[in-house]
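What follows is the content of coords_0.cif (mmCIF, C-alpha atoms and all ligand atoms).
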data_structure
loop_
_atom_site.label_atom_id
_atom_site.label_comp_id
_atom_site.auth_asym_id
_atom_site.auth_seq_id
_atom_site.Cartn_x
_atom_site.Cartn_y
_atom_site.Cartn_z
CA MET A 1 0.00 0.00 0.00
CA PHE A 2 1.22 3.46 -0.90
CA GLN A 3 1.42 5.71 2.14
CA VAL A 4 2.21 9.34 2.81
CA PHE A 5 2.70 10.27 6.41
CA PRO A 6 2.91 13.62 8.17
CA THR A 7 6.35 14.97 9.09
CA ALA A 8 7.69 18.41 9.91
CA ARG A 9 7.98 18.96 6.14
CA LEU A 10 4.50 17.68 5.36
CA ARG A 11 2.66 19.26 8.22
CA PRO A 12 -0.55 17.65 9.46
CA SER A 13 -3.43 20.02 10.14
CA PRO A 14 -5.00 20.05 13.62
CA PHE A 15 -7.87 18.01 12.11
CA PHE A 16 -5.57 15.21 10.86
CA ASN A 17 -6.59 12.61 13.44
CA SER A 18 -10.25 13.36 12.77
CA ILE A 19 -9.99 13.04 9.01
CA MET A 20 -8.10 9.75 9.38
CA ALA A 21 -10.78 8.47 11.76
CA GLU A 22 -13.44 9.53 9.21
CA GLY A 23 -11.73 7.41 6.55
CA CYS A 24 -10.05 9.94 4.27
CA THR A 25 -8.97 8.03 1.13
CA SER A 26 -7.15 10.63 -0.97
CA ALA A 27 -5.45 13.96 -0.56
CA SER A 28 -3.29 16.45 -2.36
CA ILE A 29 -0.45 18.65 -1.16
CA TYR A 30 -0.97 22.39 -0.67
CA ASN A 31 1.28 24.82 1.17
CA ARG A 32 3.40 21.82 2.16
CA MET A 33 0.42 20.30 3.98
CA ILE A 34 -2.06 17.49 3.38
CA LEU A 35 -5.34 18.64 1.81
CA PRO A 36 -8.01 15.93 2.11
CA ALA A 37 -9.69 15.41 -1.24
CA SER A 38 -12.10 12.52 -0.72
CA PHE A 39 -13.48 10.00 1.74
CA GLY A 40 -14.20 7.39 -0.90
CA ASP A 41 -17.39 8.60 -2.60
CA LYS A 42 -16.79 11.71 -4.71
CA ASP A 43 -20.29 11.61 -6.13
CA LYS A 44 -21.91 11.75 -2.68
CA GLU A 45 -19.46 14.44 -1.58
CA TYR A 46 -20.43 16.58 -4.58
CA TRP A 47 -24.21 16.19 -4.11
CA ASP A 48 -23.94 16.77 -0.34
CA LEU A 49 -22.33 20.11 -1.17
CA ILE A 50 -25.03 20.99 -3.72
CA ASN A 51 -28.07 19.85 -1.70
CA GLY A 52 -27.00 19.63 1.93
CA VAL A 53 -23.92 20.48 3.94
CA VAL A 54 -20.31 19.28 4.08
CA MET A 55 -17.32 19.94 6.32
CA TRP A 56 -13.82 20.25 4.89
CA ASP A 57 -10.40 20.31 6.57
CA VAL A 58 -8.91 23.32 4.80
CA GLY A 59 -6.15 23.87 7.35
CA VAL A 60 -3.85 24.18 4.31
CA GLU A 61 -5.26 27.68 3.83
CA ARG A 62 -2.40 29.08 5.91
CA GLN A 63 -2.47 32.55 7.36
CA VAL A 64 0.37 35.00 6.83
CA GLN A 65 0.01 37.43 9.72
CA LEU A 66 1.20 41.04 9.52
CA GLU A 67 1.36 42.75 12.88
CA GLY A 68 2.72 46.11 13.97
CA PRO A 69 2.68 49.83 13.15
CA ASP A 70 3.33 49.26 9.42
CA ALA A 71 1.04 46.22 8.98
CA GLY A 72 -1.60 48.17 7.04
CA LYS A 73 1.04 49.79 4.88
CA LEU A 74 2.57 46.41 4.01
CA ALA A 75 -0.86 44.85 3.33
CA GLN A 76 -1.48 47.55 0.70
CA ILE A 77 2.03 47.23 -0.78
CA LEU A 78 1.42 43.49 -1.26
CA SER A 79 -1.92 43.91 -2.98
CA PRO A 80 -3.02 45.86 -6.07
CA ARG A 81 -6.57 46.06 -4.70
CA ASP A 82 -7.40 49.30 -2.85
CA LEU A 83 -7.67 48.40 0.85
CA SER A 84 -8.19 51.93 2.16
CA LYS A 85 -11.89 51.39 2.87
CA CYS A 86 -11.53 47.94 4.43
CA LYS A 87 -13.03 47.86 7.93
CA ILE A 88 -12.01 45.85 10.97
CA GLY A 89 -13.93 42.57 10.78
CA GLN A 90 -14.02 42.66 6.98
CA GLY A 91 -12.34 40.29 4.56
CA LYS A 92 -11.48 40.97 0.95
CA TYR A 93 -10.37 38.85 -1.97
CA VAL A 94 -6.99 40.29 -2.95
CA PRO A 95 -4.98 39.02 -5.91
CA MET A 96 -1.24 39.33 -5.30
CA CYS A 97 1.22 40.00 -8.10
CA ASN A 98 4.98 40.12 -8.52
CA HIS A 99 6.80 43.13 -9.95
CA ASP A 100 5.98 41.99 -13.50
CA GLY A 101 2.24 41.96 -12.77
CA VAL A 102 2.19 38.15 -12.73
CA LEU A 103 -0.37 36.61 -10.39
CA ILE A 104 1.46 34.82 -7.55
CA ASN A 105 -1.40 34.18 -5.09
CA ASP A 106 -5.05 35.11 -4.53
CA PRO A 107 -5.59 35.32 -0.76
CA ILE A 108 -8.53 36.44 1.27
CA MET A 109 -7.29 39.25 3.48
CA LEU A 110 -8.83 39.59 6.95
CA LYS A 111 -8.42 42.86 8.83
CA LEU A 112 -8.48 42.04 12.55
CA ARG A 113 -7.21 45.39 13.86
CA GLU A 114 -5.64 48.53 12.41
CA ASP A 115 -2.28 46.87 13.09
CA LEU A 116 -3.17 43.18 12.53
CA TYR A 117 -3.95 41.43 9.23
CA TRP A 118 -4.14 37.86 8.02
CA PHE A 119 -3.65 36.84 4.42
CA SER A 120 -5.39 33.50 4.00
CA ILE A 121 -3.27 32.20 1.18
CA ALA A 122 -3.49 29.87 -1.79
CA ASP A 123 -0.61 27.52 -2.58
CA SER A 124 2.60 29.60 -2.75
CA ASP A 125 5.16 30.85 -0.22
CA ILE A 126 3.84 34.30 0.60
CA TRP A 127 5.45 34.22 4.04
CA PHE A 128 8.88 34.42 2.36
CA TRP A 129 7.69 37.04 -0.08
CA ALA A 130 6.16 39.31 2.58
CA ARG A 131 9.28 39.18 4.75
CA ALA A 132 11.52 40.09 1.84
CA ILE A 133 9.34 43.01 0.74
CA ALA A 134 9.01 44.30 4.34
CA ALA A 135 12.76 44.15 4.87
CA GLU A 136 13.57 45.90 1.58
CA ARG A 137 11.05 48.66 2.35
CA ARG A 138 12.31 48.95 5.94
CA LEU A 139 8.84 48.50 7.44
CA ASN A 140 8.12 48.05 11.13
CA VAL A 141 6.02 44.90 10.96
CA LYS A 142 6.28 41.36 12.30
CA ILE A 143 5.40 38.59 9.82
CA THR A 144 4.50 35.15 11.13
CA GLU A 145 2.48 32.07 10.32
CA PRO A 146 0.14 31.99 13.33
CA ASP A 147 -1.56 28.91 14.81
CA VAL A 148 -4.72 29.33 12.73
CA SER A 149 -6.44 26.58 10.71
CA PRO A 150 -9.71 26.99 8.81
CA LEU A 151 -12.45 24.36 8.83
CA ALA A 152 -15.00 24.95 6.05
CA VAL A 153 -18.73 24.27 6.38
CA GLN A 154 -20.29 24.57 2.92
CA GLY A 155 -23.63 24.03 1.24
CA PRO A 156 -27.21 25.32 1.47
CA LYS A 157 -27.68 23.90 4.97
CA SER A 158 -24.42 25.36 6.32
CA ALA A 159 -26.06 28.40 7.96
CA ALA A 160 -28.37 26.12 9.96
CA VAL A 161 -25.40 24.12 11.25
CA VAL A 162 -23.12 27.06 12.00
CA SER A 163 -25.87 29.10 13.69
CA SER A 164 -26.77 26.14 15.89
CA ILE A 165 -23.18 26.23 17.18
CA PHE A 166 -22.52 29.97 17.43
CA GLY A 167 -25.93 31.67 17.44
CA ASP A 168 -28.27 33.42 15.05
CA TRP A 169 -25.88 36.33 14.46
CA VAL A 170 -24.03 34.25 11.87
CA HIS A 171 -27.01 34.73 9.52
CA ASP A 172 -26.17 38.47 9.44
CA LEU A 173 -22.52 38.07 8.43
CA LYS A 174 -21.92 39.66 5.05
CA TYR A 175 -19.74 37.92 2.46
CA PHE A 176 -16.11 37.69 3.68
CA TRP A 177 -16.94 39.46 6.98
CA PHE A 178 -15.96 37.60 10.13
CA SER A 179 -16.28 37.68 13.88
CA GLU A 180 -13.88 36.53 16.60
CA THR A 181 -15.58 34.31 19.14
CA GLU A 182 -15.22 31.01 20.96
CA ILE A 183 -17.02 27.72 21.45
CA ASN A 184 -16.49 25.67 24.64
CA GLY A 185 -13.48 27.90 25.27
CA ILE A 186 -11.92 27.13 21.86
CA PRO A 187 -10.88 30.44 20.25
CA VAL A 188 -12.07 30.84 16.65
CA ALA A 189 -13.01 33.38 14.00
CA VAL A 190 -16.15 32.66 11.98
CA GLN A 191 -16.29 34.02 8.44
CA ARG A 192 -18.83 33.82 5.65
CA SER A 193 -16.57 32.38 2.98
CA GLY A 194 -15.35 29.19 1.39
CA TRP A 195 -14.18 27.82 -1.92
CA SER A 196 -17.59 26.94 -3.31
CA LYS A 197 -20.54 28.92 -4.60
CA GLN A 198 -23.07 26.93 -2.55
CA GLY A 199 -22.88 29.28 0.44
CA GLY A 200 -20.99 28.66 3.61
CA PHE A 201 -18.67 29.56 6.40
CA GLU A 202 -15.13 28.98 7.51
CA ILE A 203 -14.32 28.48 11.18
CA TYR A 204 -10.72 29.56 11.78
CA LEU A 205 -9.41 27.46 14.68
CA ARG A 206 -6.94 29.49 16.76
CA ASP A 207 -5.58 26.70 18.98
CA GLY A 208 -4.06 23.80 17.05
CA LYS A 209 -4.29 21.50 20.07
CA ARG A 210 -8.08 21.55 19.91
CA GLY A 211 -8.73 20.53 16.29
CA ASP A 212 -10.35 17.20 17.08
CA GLU A 213 -12.62 18.86 19.65
CA LEU A 214 -13.78 21.48 17.14
CA TRP A 215 -14.27 18.78 14.50
CA LYS A 216 -16.54 16.87 16.89
CA ILE A 217 -18.59 19.96 17.73
CA VAL A 218 -19.25 20.67 14.04
CA LYS A 219 -19.93 17.01 13.26
CA GLU A 220 -22.50 16.75 16.07
CA ALA A 221 -24.20 20.03 15.16
CA GLY A 222 -24.36 18.75 11.58
CA GLN A 223 -25.94 15.38 12.40
CA PRO A 224 -29.55 16.61 12.04
CA TYR A 225 -28.60 17.82 8.53
CA ALA A 226 -26.65 14.67 7.61
CA ILE A 227 -23.42 16.65 7.30
CA GLY A 228 -20.96 14.93 4.97
CA ASN A 229 -17.19 14.83 4.61
CA GLY A 230 -15.23 15.91 1.59
CA GLY A 231 -12.81 18.51 0.32
CA PRO A 232 -12.86 21.44 -2.08
CA THR A 233 -14.41 19.98 -5.22
CA SER A 234 -12.99 20.56 -8.65
CA PRO A 235 -16.31 20.00 -10.52
CA GLU A 236 -18.26 22.46 -8.37
CA ARG A 237 -15.62 25.18 -8.47
CA THR A 238 -15.32 24.81 -12.23
CA GLU A 239 -19.10 24.95 -12.80
CA SER A 240 -19.22 27.99 -10.50
CA GLY A 241 -16.29 29.83 -12.05
CA LEU A 242 -13.92 30.06 -9.09
CA VAL A 243 -10.27 30.65 -9.86
CA SER A 244 -7.59 28.21 -8.67
CA CYS A 245 -4.38 30.20 -8.65
CA GLY A 246 -1.47 28.02 -9.76
CA SER A 247 -3.77 25.65 -11.68
CA ASP A 248 -5.56 28.13 -13.93
CA SER A 249 -2.46 30.33 -14.01
CA ASP A 250 1.27 29.81 -14.48
CA ASP A 251 4.31 32.03 -13.99
CA THR A 252 3.37 34.25 -16.94
CA THR A 253 -0.33 34.83 -16.15
CA ASN A 254 -1.62 38.24 -15.08
CA PRO A 255 -4.91 38.84 -13.21
CA TYR A 256 -6.65 40.30 -16.27
CA GLU A 257 -6.22 37.00 -18.09
CA VAL A 258 -8.07 34.99 -15.43
CA ARG A 259 -11.07 37.28 -14.78
CA LEU A 260 -9.53 39.02 -11.75
CA GLY A 261 -9.24 42.48 -13.34
CA ASN A 262 -12.14 43.74 -11.21
CA TYR A 263 -10.01 43.29 -8.11
CA ILE A 264 -7.19 45.53 -9.42
CA ASP A 265 -7.32 49.25 -8.65
CA LEU A 266 -4.92 50.99 -11.01
CA ASP A 267 -4.84 54.19 -8.95
CA VAL A 268 -3.33 52.66 -5.80
CA ALA A 269 0.04 54.20 -4.86
CA ASP A 270 3.07 53.67 -7.09
CA ASP A 271 4.86 51.66 -4.37
CA VAL A 272 2.35 48.77 -4.59
CA VAL A 273 4.21 45.72 -5.92
CA GLY A 274 3.37 45.13 -9.58
CA ILE A 275 1.13 48.16 -10.10
CA GLN A 276 3.37 49.80 -12.74
CA ALA A 277 3.38 46.57 -14.75
CA LEU A 278 -0.39 46.13 -14.32
CA ARG A 279 -1.01 49.66 -15.63
CA ARG A 280 1.07 48.82 -18.69
CA ILE A 281 -0.66 45.46 -19.22
CA HIS A 282 -4.05 47.12 -18.85
CA ALA A 283 -3.17 49.89 -21.32
CA GLU A 284 -1.77 47.46 -23.92
CA GLY A 285 -4.62 45.01 -23.39
CA PRO A 286 -3.98 41.49 -22.09
CA LYS A 287 -3.14 38.91 -24.76
CA ARG A 288 -5.22 36.04 -23.38
CA HIS A 289 -8.52 35.55 -21.57
CA GLN A 290 -10.16 32.78 -19.60
CA LEU A 291 -13.21 31.12 -21.17
CA GLY A 292 -15.14 27.95 -20.46
CA LEU A 293 -14.86 24.78 -22.55
CA ILE A 294 -17.54 22.19 -23.13
CA LEU A 295 -16.09 18.99 -24.57
CA GLU A 296 -17.96 16.71 -26.92
CA GLY A 297 -18.89 13.32 -25.50
CA GLU A 298 -21.36 12.07 -22.93
CA SER A 299 -19.10 10.15 -20.54
CA PRO A 300 -16.28 11.28 -18.23
CA ASP A 301 -13.02 12.08 -20.01
CA PRO A 302 -9.67 11.87 -18.20
CA LEU A 303 -8.97 14.76 -15.85
CA ALA A 304 -6.44 17.27 -17.10
CA PHE A 305 -3.47 17.15 -14.75
CA HIS A 306 -1.36 19.34 -16.98
CA TRP A 307 -2.22 22.06 -19.40
CA GLU A 308 -3.24 20.65 -22.78
CA ASP A 309 -3.04 22.44 -26.13
CA ILE A 310 -6.05 24.11 -27.72
CA LEU A 311 -5.92 24.28 -31.51
CA VAL A 312 -7.75 26.21 -34.19
CA ASP A 313 -6.93 25.22 -37.81
CA GLY A 314 -4.07 23.11 -36.46
CA GLN A 315 -2.41 26.10 -34.74
CA LYS A 316 -2.04 26.39 -30.99
CA VAL A 317 -4.20 29.24 -29.65
CA GLY A 318 -4.16 28.50 -25.93
CA ASP A 319 -4.25 25.92 -23.17
CA MET A 320 -6.97 23.91 -21.49
CA THR A 321 -5.94 24.42 -17.86
CA ASN A 322 -8.33 21.91 -16.25
CA CYS A 323 -10.97 19.39 -17.25
CA VAL A 324 -13.62 17.74 -15.05
CA TRP A 325 -16.89 15.87 -15.45
CA SER A 326 -19.81 18.09 -14.44
CA PRO A 327 -22.48 16.01 -12.72
CA ARG A 328 -25.12 18.72 -13.22
CA LEU A 329 -24.35 19.44 -16.88
CA GLN A 330 -23.52 15.81 -17.69
CA LYS A 331 -20.62 17.09 -19.78
CA ASN A 332 -16.88 17.36 -19.51
CA ILE A 333 -16.05 20.99 -18.86
CA GLY A 334 -12.88 22.97 -18.34
CA TYR A 335 -11.22 26.33 -18.52
CA ALA A 336 -9.34 27.74 -21.48
CA LEU A 337 -6.56 30.28 -21.16
CA ILE A 338 -6.69 31.39 -24.74
CA SER A 339 -5.83 34.12 -27.21
CA ARG A 340 -8.21 37.09 -27.19
CA SER A 341 -8.78 36.44 -30.88
CA CYS A 342 -10.90 33.44 -29.83
CA HIS A 343 -14.48 34.04 -28.69
CA VAL A 344 -17.46 32.45 -27.02
CA GLY A 345 -19.36 30.28 -29.48
CA GLU A 346 -16.28 29.22 -31.41
CA ALA A 347 -15.35 25.56 -31.95
CA VAL A 348 -11.84 24.45 -31.00
CA THR A 349 -9.84 21.22 -30.93
CA LEU A 350 -8.16 19.87 -27.81
CA ARG A 351 -5.02 17.80 -28.02
CA ARG A 352 -5.53 15.37 -25.15
CA SER A 353 -3.24 12.68 -23.81
CA ALA A 354 -1.55 10.34 -26.30
CA GLY A 355 -2.31 12.81 -29.07
CA ARG A 356 -6.06 12.10 -29.03
CA GLU A 357 -8.05 15.04 -30.42
CA VAL A 358 -11.39 16.11 -28.94
CA GLN A 359 -13.74 18.81 -30.20
CA ALA A 360 -14.99 21.47 -27.80
CA SER A 361 -16.80 24.77 -27.80
CA LEU A 362 -15.95 28.01 -26.02
CA VAL A 363 -18.56 29.28 -23.55
CA ASP A 364 -18.93 31.89 -20.84
CA ILE A 365 -17.85 31.28 -17.23
CA PRO A 366 -19.60 30.53 -14.89
CA PHE A 367 -21.22 27.45 -16.40
CA LEU A 368 -23.95 27.45 -13.75
N1 LIG A 401 -10.88 30.46 2.08
C1 LIG A 401 -9.85 30.90 2.83
N2 LIG A 401 -8.61 31.01 2.35
C2 LIG A 401 -8.37 30.64 1.07
C3 LIG A 401 -9.40 30.17 0.24
C4 LIG A 401 -10.70 30.09 0.77
N3 LIG A 401 -7.12 30.71 0.58
C5 LIG A 401 -6.80 30.08 -0.65
C6 LIG A 401 -7.90 30.19 -1.68
N4 LIG A 401 -9.16 29.82 -1.07
C7 LIG A 401 -7.96 31.60 -2.18
N5 LIG A 401 -8.72 31.70 -3.38
C8 LIG A 401 -10.04 32.11 -3.46
C9 LIG A 401 -10.61 32.20 -4.69
C10 LIG A 401 -11.92 32.64 -4.83
C11 LIG A 401 -12.67 32.96 -3.71
C12 LIG A 401 -12.10 32.83 -2.48
C13 LIG A 401 -10.77 32.42 -2.34
C14 LIG A 401 -14.06 33.45 -3.81
N6 LIG A 401 -14.39 34.17 -4.89
C15 LIG A 401 -15.73 34.64 -5.16
C16 LIG A 401 -15.93 34.62 -6.67
O1 LIG A 401 -14.94 34.62 -7.39
O2 LIG A 401 -17.06 34.61 -7.10
C17 LIG A 401 -16.07 36.00 -4.62
C18 LIG A 401 -15.00 37.06 -4.73
C19 LIG A 401 -15.52 38.48 -4.52
O3 LIG A 401 -16.37 38.91 -5.31
O4 LIG A 401 -15.07 39.19 -3.60
O5 LIG A 401 -14.88 33.22 -2.94
O6 LIG A 401 -11.66 29.66 0.11
N7 LIG A 401 -10.08 31.26 4.09
#

So that I can check it, write out the structure of this file as C-alpha cells.
Ligand code: THG
Amino acid sequence: MFQVFPTARLRPSPFFNSIMAEGCTSASIYNRMILPASFGDKDKEYWDLINGVVMWDVGVERQVQLEGPDAGKLAQILSPRDLSKCKIGQGKYVPMCNHDGVLINDPIMLKLREDLYWFSIADSDIWFWARAIAAERRLNVKITEPDVSPLAVQGPKSAAVVSSIFGDWVHDLKYFWFSETEINGIPVAVQRSGWSKQGGFEIYLRDGKRGDELWKIVKEAGQPYAIGNGGPTSPERTESGLVSCGSDSDDTTNPYEVRLGNYIDLDVADDVVGIQALRRIHAEGPKRHQLGLILEGESPDPLAFHWEDILVDGQKVGDMTNCVWSPRLQKNIGYALISRSCHVGEAVTLRRSAGREVQASLVDIPFL
C-alpha cells in the first residue's frame, strides 16, 4: 500500500486525526500540507455540497500574519486592490502579483485590527515574499504564520449548522466578513466564505491543540442535517467559475487574463508591488482571456493534470488548464486560457493525452 505520512515537512493540520478516523482516502499537497480530497465517494461528496452540507479540513489555507505599526502599509504594498476602505472585521479577496504583474497568489485578506492582518493564502510561499518586501522597504512589521487553521462548512444547509453552534448572528454576516468568538473555550473566528458557490462559512481554529474537539462539535451540530465529509471539489468550483491560482495560471499569467481584473485598482500608490506593470498590461490590453470549454462526448473524459493544447486550424491558440466531469451538466467541462482572438461560441480542438483530439466549444464562465 502506498502511504504518505505527516512529518515536519509535510505538516498535518490540527484536524488530521479526525480526518483519518473519518476514513479519508485521498489527498493532495498544498502549502506543504495534506489537503483531504475525498473520503471514498466523490459523487456523494459533490451532491452533499449541492443539496446539503459538508465539512472540509482546509487547514492548508495558511495565514500570513502582519502585525505592527506598518502592517496596514505592508498589506497595501502586497496587494493591487485598494484596501483603504476595508473595515475591521471585513475580509477581501486580494490578488497578489509580482513586480511583472504576474499573479502569484489570490488570498482572502482579513483585517483584525488597524495593526493586525491575516492573508489566508493559496498555494505559494507568501510568508517568504512578505518578509523580503518588508525588509527591503524597511517597514516596522512582524510577519509570522500563526496557529490558525480553517475548517469549512459549505452548502445550502451550512447556515443552519453554523448558527446552531454559534448563534443566530451568523445569519447576518456579510460575504467575507468575520467575527472573533469562541465555542467551549476554543478560540475561533467565523467568516462567511469558502471555496464553493453553494454558500458557507469557515471556522478559523486558533488553537491547534483543539482541532479534534472542534471537528466533533461541528460534526455533532451537523448530524440533524446529515453533514458529509469531503474537500474542495474541482467539478463544483469549475461549474461555479472560481479561480484556482497556480492551476488556472502559471508564472506568466496576469490577473486580467483569469477574470480578476475587477479586483485591481490601477490608482493605488506607485509603491504597490506590480502596479506599474499592471497599468502597462491594462493599457496594452492582455493577450489572453479565460473562457469555459464544453467537450464533446457524454461520458467522463480523463482529468487534465497538466495544461493541454487548444488548436484552431491546427495552430495552438491556448491551453486547457483543467478538465472535469460536471455532474449537473452531464458534460466534460474545463477552462481555457486562450488568445483574445478566440471568442465564445467558437469551436476548438483539444489535443488530449496520447495525441487524441477532442472537439470542444468556447462558452462563458460561470457554467452554472
Ligand atoms: N478560504 C480561505 N482562504 C483561502 C481560500 C478560501 N485561501 C486560498 C484560496 N481559497 C484563495 N482563493 C479564493 C478564490 C476565490 C474565492 C475565495 C478564495 C471566492 N471568490 C468569489 C468569486 O470569485 O465569485 C467572490 C470574490 C468576490 O467577489 O469578492 O470566494 O476559500 N479562508

At most 8 Å is the cut-off: for each residue in chain A with any atom that close to an atom of ligand LIG 401 (chain A), write down the nearest atom pair and the distance in Å rounded to one decimal, counting all atoms listed in the file, chain first then increasing number, as JSON lines.
{"residue": "A:Val58", "atom": "CA", "partner": "A:LIG401", "partner_atom": "C1", "distance": 7.9}
{"residue": "A:Glu61", "atom": "CA", "partner": "A:LIG401", "partner_atom": "N3", "distance": 4.8}
{"residue": "A:Arg62", "atom": "CA", "partner": "A:LIG401", "partner_atom": "N3", "distance": 7.3}
{"residue": "A:Lys92", "atom": "CA", "partner": "A:LIG401", "partner_atom": "O4", "distance": 6.1}
{"residue": "A:Tyr93", "atom": "CA", "partner": "A:LIG401", "partner_atom": "O4", "distance": 5.0}
{"residue": "A:Asn105", "atom": "CA", "partner": "A:LIG401", "partner_atom": "C7", "distance": 7.6}
{"residue": "A:Asp106", "atom": "CA", "partner": "A:LIG401", "partner_atom": "C7", "distance": 5.1}
{"residue": "A:Pro107", "atom": "CA", "partner": "A:LIG401", "partner_atom": "C7", "distance": 4.6}
{"residue": "A:Ile108", "atom": "CA", "partner": "A:LIG401", "partner_atom": "N2", "distance": 5.5}
{"residue": "A:Phe119", "atom": "CA", "partner": "A:LIG401", "partner_atom": "N2", "distance": 7.9}
{"residue": "A:Ser120", "atom": "CA", "partner": "A:LIG401", "partner_atom": "N2", "distance": 4.4}
{"residue": "A:Ile121", "atom": "CA", "partner": "A:LIG401", "partner_atom": "N3", "distance": 4.2}
{"residue": "A:Ala122", "atom": "CA", "partner": "A:LIG401", "partner_atom": "C5", "distance": 3.5}
{"residue": "A:Asp123", "atom": "CA", "partner": "A:LIG401", "partner_atom": "C5", "distance": 7.0}
{"residue": "A:Pro150", "atom": "CA", "partner": "A:LIG401", "partner_atom": "N7", "distance": 6.4}
{"residue": "A:Ala152", "atom": "CA", "partner": "A:LIG401", "partner_atom": "N1", "distance": 7.9}
{"residue": "A:Tyr175", "atom": "CA", "partner": "A:LIG401", "partner_atom": "O4", "distance": 7.8}
{"residue": "A:Phe176", "atom": "CA", "partner": "A:LIG401", "partner_atom": "O4", "distance": 7.5}
{"residue": "A:Ser193", "atom": "CA", "partner": "A:LIG401", "partner_atom": "N1", "distance": 6.1}
{"residue": "A:Gly194", "atom": "CA", "partner": "A:LIG401", "partner_atom": "O6", "distance": 3.9}
{"residue": "A:Trp195", "atom": "CA", "partner": "A:LIG401", "partner_atom": "O6", "distance": 3.7}
{"residue": "A:Ser196", "atom": "CA", "partner": "A:LIG401", "partner_atom": "O5", "distance": 6.8}
{"residue": "A:Lys197", "atom": "CA", "partner": "A:LIG401", "partner_atom": "O2", "distance": 7.1}
{"residue": "A:Glu202", "atom": "CA", "partner": "A:LIG401", "partner_atom": "N7", "distance": 6.5}
{"residue": "A:Tyr204", "atom": "CA", "partner": "A:LIG401", "partner_atom": "N7", "distance": 7.9}
{"residue": "A:Ser240", "atom": "CA", "partner": "A:LIG401", "partner_atom": "O2", "distance": 7.7}
{"residue": "A:Gly241", "atom": "CA", "partner": "A:LIG401", "partner_atom": "O1", "distance": 6.8}
{"residue": "A:Leu242", "atom": "CA", "partner": "A:LIG401", "partner_atom": "O1", "distance": 5.0}
{"residue": "A:Val243", "atom": "CA", "partner": "A:LIG401", "partner_atom": "C9", "distance": 5.4}
{"residue": "A:Ser244", "atom": "CA", "partner": "A:LIG401", "partner_atom": "C9", "distance": 6.4}
{"residue": "A:Cys245", "atom": "CA", "partner": "A:LIG401", "partner_atom": "N5", "distance": 7.0}
{"residue": "A:Tyr263", "atom": "CA", "partner": "A:LIG401", "partner_atom": "O4", "distance": 7.9}

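Residue nearest Ala134 in chain A, chosen from A:Asp70, A:Glu22, A:Glu236, A:Asp212 and counting all atoms listed in the file: A:Asp70.
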
Original post:
For Thr25 in chain A, which of A:Arg138, A:Tyr117, A:Trp215, A:Asn229 is the closest residue, counting all atoms listed in the file?
Top reply: A:Asn229

Within 12 Å of (-6.9, 38.9, -17.5), in the coordinates the file gives, what residues turn up when you count all atoms listed in the file, written out as a short mmCIF file (atom, residue, chain, number, x, y, z; two decimals) with C-alpha atoms, in the frame of the given file?
data_model
loop_
_atom_site.label_atom_id
_atom_site.label_comp_id
_atom_site.auth_asym_id
_atom_site.auth_seq_id
_atom_site.Cartn_x
_atom_site.Cartn_y
_atom_site.Cartn_z
CA PRO A 95 -4.98 39.02 -5.91
CA GLY A 101 2.24 41.96 -12.77
CA VAL A 102 2.19 38.15 -12.73
CA LEU A 103 -0.37 36.61 -10.39
CA VAL A 243 -10.27 30.65 -9.86
CA ASP A 248 -5.56 28.13 -13.93
CA SER A 249 -2.46 30.33 -14.01
CA THR A 252 3.37 34.25 -16.94
CA THR A 253 -0.33 34.83 -16.15
CA ASN A 254 -1.62 38.24 -15.08
CA PRO A 255 -4.91 38.84 -13.21
CA TYR A 256 -6.65 40.30 -16.27
CA GLU A 257 -6.22 37.00 -18.09
CA VAL A 258 -8.07 34.99 -15.43
CA ARG A 259 -11.07 37.28 -14.78
CA LEU A 260 -9.53 39.02 -11.75
CA GLY A 261 -9.24 42.48 -13.34
CA ASN A 262 -12.14 43.74 -11.21
CA TYR A 263 -10.01 43.29 -8.11
CA ILE A 264 -7.19 45.53 -9.42
CA LEU A 278 -0.39 46.13 -14.32
CA ILE A 281 -0.66 45.46 -19.22
CA HIS A 282 -4.05 47.12 -18.85
CA GLU A 284 -1.77 47.46 -23.92
CA GLY A 285 -4.62 45.01 -23.39
CA PRO A 286 -3.98 41.49 -22.09
CA LYS A 287 -3.14 38.91 -24.76
CA ARG A 288 -5.22 36.04 -23.38
CA HIS A 289 -8.52 35.55 -21.57
CA GLN A 290 -10.16 32.78 -19.60
CA LEU A 291 -13.21 31.12 -21.17
CA LEU A 337 -6.56 30.28 -21.16
CA ILE A 338 -6.69 31.39 -24.74
CA SER A 339 -5.83 34.12 -27.21
CA ARG A 340 -8.21 37.09 -27.19
#

Subject >> Long-range neighbours of Leu362 in chain A as a ChimeraX atom specification, 6 Å cut-off, all atoms listed in the file, 3 positions minimum in chain >> reply: /A:292-293,344-346

Working from the structure I just supplied, which lacks atoms in range 81-88 of chain A, can you model N, CA and C atoms there and output them as a short mmCIF file (atom, residue, chain, number, x, y, z; two decimals), in the coordinates of the input?
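So rebuild-v5.cif came out as:
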data_model
loop_
_atom_site.label_atom_id
_atom_site.label_comp_id
_atom_site.auth_asym_id
_atom_site.auth_seq_id
_atom_site.Cartn_x
_atom_site.Cartn_y
_atom_site.Cartn_z
N ARG A 81 -5.19 45.65 -4.94
CA ARG A 81 -6.57 46.06 -4.70
C ARG A 81 -6.56 47.15 -3.62
N ASP A 82 -7.35 48.20 -3.81
CA ASP A 82 -7.40 49.30 -2.85
C ASP A 82 -8.00 48.80 -1.53
N LEU A 83 -7.22 48.89 -0.46
CA LEU A 83 -7.67 48.40 0.85
C LEU A 83 -8.06 49.54 1.78
N SER A 84 -8.04 50.78 1.27
CA SER A 84 -8.19 51.93 2.16
C SER A 84 -9.55 51.97 2.85
N LYS A 85 -10.56 51.35 2.26
CA LYS A 85 -11.89 51.39 2.87
C LYS A 85 -12.23 50.12 3.64
N CYS A 86 -11.27 49.21 3.75
CA CYS A 86 -11.53 47.94 4.43
C CYS A 86 -11.66 48.17 5.93
N LYS A 87 -12.73 47.65 6.50
CA LYS A 87 -13.03 47.86 7.93
C LYS A 87 -12.51 46.69 8.77
N ILE A 88 -12.34 46.94 10.05
CA ILE A 88 -12.01 45.85 10.97
C ILE A 88 -13.18 44.86 10.97
#
